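Data first, discussion second: the structure below is written as structure tokens.
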Amino acid sequence: MEPSHKRGLTAIDGALALIAILLIIQMWLLTATLESFLAGHREAALPSAIASGVLALACLGLYLFVRGVDREERKR
């Protein structure tokens with residue numbers, strides 16, 4: 001296995017691990033926000049929705065990075 005191929009696989013593994021962590025954080029945020037909302041604290045809904053959107057965009061960016069690295073590795 002050539003070094004550039006190994007480097008590409010390492011980048012993909014790292015990005016997928018970050019995606020998993022970000023999705024776990026997003027699920028935790030949803031749970032905490034829903035619990036707060038149902039307890040009557042409605043002011044937490046909007047900031048949590050914004051934070052969730054930022055996390056979703058980060059996951060999308062990492063996904064696009066993984067696709068790009070994978071596409072480059074398949075060309076070789």
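Residues are referred to by chain and number: the chain letter is A, B, ... according to the order shown in the structure tokens, the number counts from 1 in that chain, and ligands are numbered separately from 1 in the order shown.
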### Message
Can you pull out the residues contacting Ala15 of chain A? Cut-off 7 Å, using only C-alpha atoms, and skip same-chain residues under 3 positions away; I want them as a PyMOL selection string.
### Response
chain A and resi 11-12+18-19+62+66
Using the selection just defined, write its residues with all heavy atoms as a PDB file, in the first residue's frame.
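And here's out_20.pdb as it stands now:
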```pdb
ATOM      1  N   ALA A  11      -7.445   9.801   6.466  1.00  0.00           N
ATOM      2  CA  ALA A  11      -8.294  11.000   6.447  1.00  0.00           C
ATOM      3  C   ALA A  11      -9.771  10.628   6.455  1.00  0.00           C
ATOM      4  O   ALA A  11     -10.579  11.244   7.166  1.00  0.00           O
ATOM      5  CB  ALA A  11      -7.966  11.852   5.227  1.00  0.00           C
ATOM      6  N   ILE A  12     -10.125   9.607   5.689  1.00  0.00           N
ATOM      7  CA  ILE A  12     -11.523   9.161   5.647  1.00  0.00           C
ATOM      8  C   ILE A  12     -11.940   8.608   7.012  1.00  0.00           C
ATOM      9  O   ILE A  12     -13.022   8.931   7.513  1.00  0.00           O
ATOM     10  CB  ILE A  12     -11.731   8.116   4.539  1.00  0.00           C
ATOM     11  CG1 ILE A  12     -11.638   8.794   3.170  1.00  0.00           C
ATOM     12  CG2 ILE A  12     -13.078   7.416   4.682  1.00  0.00           C
ATOM     13  CD1 ILE A  12     -11.678   7.843   1.995  1.00  0.00           C
ATOM     14  N   LEU A  18     -15.298  11.769  13.261  1.00  0.00           N
ATOM     15  CA  LEU A  18     -15.838  13.081  13.639  1.00  0.00           C
ATOM     16  C   LEU A  18     -17.328  13.187  13.329  1.00  0.00           C
ATOM     17  O   LEU A  18     -18.086  13.768  14.109  1.00  0.00           O
ATOM     18  CB  LEU A  18     -15.077  14.188  12.910  1.00  0.00           C
ATOM     19  CG  LEU A  18     -13.709  14.535  13.463  1.00  0.00           C
ATOM     20  CD1 LEU A  18     -13.003  15.521  12.544  1.00  0.00           C
ATOM     21  CD2 LEU A  18     -13.833  15.108  14.859  1.00  0.00           C
ATOM     22  N   ILE A  19     -17.749  12.638  12.202  1.00  0.00           N
ATOM     23  CA  ILE A  19     -19.177  12.649  11.865  1.00  0.00           C
ATOM     24  C   ILE A  19     -19.964  11.893  12.933  1.00  0.00           C
ATOM     25  O   ILE A  19     -21.015  12.358  13.392  1.00  0.00           O
ATOM     26  CB  ILE A  19     -19.422  12.044  10.469  1.00  0.00           C
ATOM     27  CG1 ILE A  19     -18.919  12.997   9.388  1.00  0.00           C
ATOM     28  CG2 ILE A  19     -20.899  11.739  10.249  1.00  0.00           C
ATOM     29  CD1 ILE A  19     -18.938  12.419   7.990  1.00  0.00           C
ATOM     30  N   LEU A  62     -18.061  17.497   6.268  1.00  0.00           N
ATOM     31  CA  LEU A  62     -17.200  16.332   6.422  1.00  0.00           C
ATOM     32  C   LEU A  62     -17.569  15.238   5.425  1.00  0.00           C
ATOM     33  O   LEU A  62     -16.690  14.557   4.879  1.00  0.00           O
ATOM     34  CB  LEU A  62     -17.275  15.802   7.850  1.00  0.00           C
ATOM     35  CG  LEU A  62     -16.510  16.617   8.884  1.00  0.00           C
ATOM     36  CD1 LEU A  62     -16.883  16.160  10.291  1.00  0.00           C
ATOM     37  CD2 LEU A  62     -15.020  16.501   8.669  1.00  0.00           C
ATOM     38  N   VAL A  66     -15.142  13.561   2.639  1.00  0.00           N
ATOM     39  CA  VAL A  66     -14.934  12.120   2.474  1.00  0.00           C
ATOM     40  C   VAL A  66     -15.189  11.714   1.025  1.00  0.00           C
ATOM     41  O   VAL A  66     -14.420  10.941   0.448  1.00  0.00           O
ATOM     42  CB  VAL A  66     -15.833  11.317   3.445  1.00  0.00           C
ATOM     43  CG1 VAL A  66     -15.876   9.850   3.076  1.00  0.00           C
ATOM     44  CG2 VAL A  66     -15.349  11.488   4.873  1.00  0.00           C
TER      45      VAL A  66
END
```
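Proximity of A:Arg71, A:Tyr63, A:Phe37, A:Ala45 to Gly14 of chain A, computed with only C-alpha atoms, is greatest for A:Tyr63.
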### Message
Which residues are near Thr33 of chain A? Cut-off 12 Å, only C-alpha atoms, ignore same chain within fewer than 6 positions. Put them as a PyMOL selection string.
### Response
chain A and resi 26-27+39-52
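Across A:Asp13, A:Leu60, A:Arg74, A:Leu55, the tightest approach to Trp28 of chain A is made by A:Leu55 when counting only C-alpha atoms.
Taking only C-alpha atoms into account, Leu64 of chain A lies nearest to A:Leu16 out of the set A:Leu16, A:Leu38, A:Leu9, A:Pro3.
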